[in-house]
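Engineer: First the structure, then my questions, so here it is.
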Amino acid sequence: MTASSSLLDTIGNTPLVEISRFAPNPSVRMLVKLEGFNPTGSVKDRVALYLVNALERDGRLGPDSIILEPSSGNTGISLALICRIRGYRLAVVMPDNVTRERRQMLKMYDASIIDSPGSLGSNGAVELARRMAAEDSRYVMADQYANAANPLAHYETTGPEIIADCPSVDVFVAGLGTGGTLMGVGRRLREHNPAVRVYAAEPMPGEAVQGLRSLEAGFVPEILDPDALDGRFLVTTAESIETMRRLTATEGVFAGVSSGGVLAVASRIAATMEGGTLVALLADGGWKYLSEDLWRRDPDDDELETLNLW
Amino acid sequence: MTSVRIPPVLRVHVGGQKEVDASGATVGDLLRDLVARSPGLGEQLFTADGSLHRFVNVYLNGQDVRYLKVLDTPVGERDAVIILPAMAGGA
């Protein structure tokens, strides 16, 4: 190993670790890709680097530009690191019900935060950011929900890393947010082996964060091609937290809430398999959730349904 | 009868109820029975040609029916059916 010339050079090349003590079906080998090992602690470092590089390459960043992005936290924090190093201004539109740590990290990197109503979920953040960008030309949106640089980051980095570490992968499971991970990794894995199956885990939204005014305010990310998935599974906040704790208890892996959700879904899929190898991507570490005391409190606590933990 | 969970945005069409019962051997029959009982749901769930609206997701025991047999997916009385609007995920 040689010294890195920048922290940004340490993005990616995360560990892939077998979790045989956790795995529910002894005939199925389960491995987890630990994206918490990235510099800001999440998979979004990969995406943010590709997004900023694309904005630079397209000549969209002038001296007055402010990069603007809707994010429930991780993408914003990753962009904030990159903007610090490269000298850009950043504004993040974030639902007001995210954990305290997400706000603290954005402040630490000197990004500005614009609150969107938590009751409108990520839809509200996307809508507000797009409106702001339309009204003020200084704002330049990286737009992870619509920008092909997002899945490309996974096609060019995450996917090849999985193949290099585990060429026998049969099933890939990841969380559904923008769809970038599932699209990019899925496409790369299928080029390696067309029989690979790709499954999405998505959070069951709490009642308090479904404040859509109408169904027409619904949203399917532009980069998500539903036909490129083999299945989509809902997982509750309580089941995500219970599974996240069980992972820590059995394997010592300290991961975030969405990782618990992904592993809950991966376990359901593994239970139906006769054999083979399943890789699950764990998007972040548990650090940004400590303030909510999720390792001790009752996972069925109703208040948890009002938070944006994914 | 199978119990169907209605999202907050559609409850105005079912008298504010969170869960309603409907009958049918497939997801399509079940949803059409639901519309017969609560006609306001018709335009919300289905497009003009009778397929599932793009911004509506229907889950059978937690699994999106678009990856099963869509409206032809068989349903039993003990199955849990959830309707949700398509929403942006956290990221």
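How things are named: the first chain in the structure tokens is A, the next is B, and so on; residues count from 1 in each chain; ligands count from 1 in the order shown.
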Name the residues of stretch 43-87 of chain B that fall into strand (DSSP E or B) according to DSSP on the backbone, using the chain letters and numbers of this document, as a list in words.

Structural biologist: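 Selection result, strand (DSSP E or B) within stretch 43-87 of chain B: Phe46, Leu52, Val56, Asn57, Val58, Tyr59, Leu60, Gln63, Asp64, Pro74, Val81, Ile82, Ile83, Leu84 and Pro85 of chain B.
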
Engineer: May I ask you to extract the residues of chain B within 10 Å of chain A, using only C-alpha atoms, and to give them as an MDAnalysis selection string?

Structural biologist: chainID B and resid 7:10 44:45 53:56 59:68 82 84:91

Engineer: Quick one: residues within 6 Å of stretch 23-33 of chain B, only C-alpha atoms counted, chain neighbours fewer than 6 positions away excluded, as a PDB file with C-alpha atoms, in the first residue's frame?

Structural biologist:
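So the final result, stored in out34.pdb, reads:
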ATOM      1  CA  MET B   1     -62.154 -11.356   2.401  1.00  0.00           C
ATOM      2  CA  THR B   2     -58.601 -10.042   2.373  1.00  0.00           C
ATOM      3  CA  LEU B  71     -52.713  -8.091 -11.344  1.00  0.00           C
ATOM      4  CA  ASP B  72     -52.905 -11.865 -11.957  1.00  0.00           C
ATOM      5  CA  THR B  73     -51.006 -12.643  -8.733  1.00  0.00           C
ATOM      6  CA  PRO B  74     -53.098 -15.101  -6.667  1.00  0.00           C
ATOM      7  CA  VAL B  75     -54.273 -13.862  -3.250  1.00  0.00           C
TER       8      VAL B  75
END

Engineer: With DSSP run on the backbone, what are the alpha helix (DSSP H) residues within chain B? I'd like them as a list of chain:residue names.

Structural biologist: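 Here are the alpha helix (DSSP H) residues of chain B: B:Val27, B:Gly28, B:Asp29, B:Leu30, B:Leu31, B:Arg32, B:Asp33, B:Leu34, B:Val35, B:Ala36, B:Arg37, B:Gly42, B:Glu43, B:Gln44, B:Leu45.
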
Engineer: Which one is closest to A:Ala271: A:Ser20, A:Asn13, A:Ser27, A:Ser42? Count only C-alpha atoms.

Structural biologist: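 Ranking A:Ser20, A:Asn13, A:Ser27, A:Ser42 by distance to A:Ala271, first place goes to A:Ser27.
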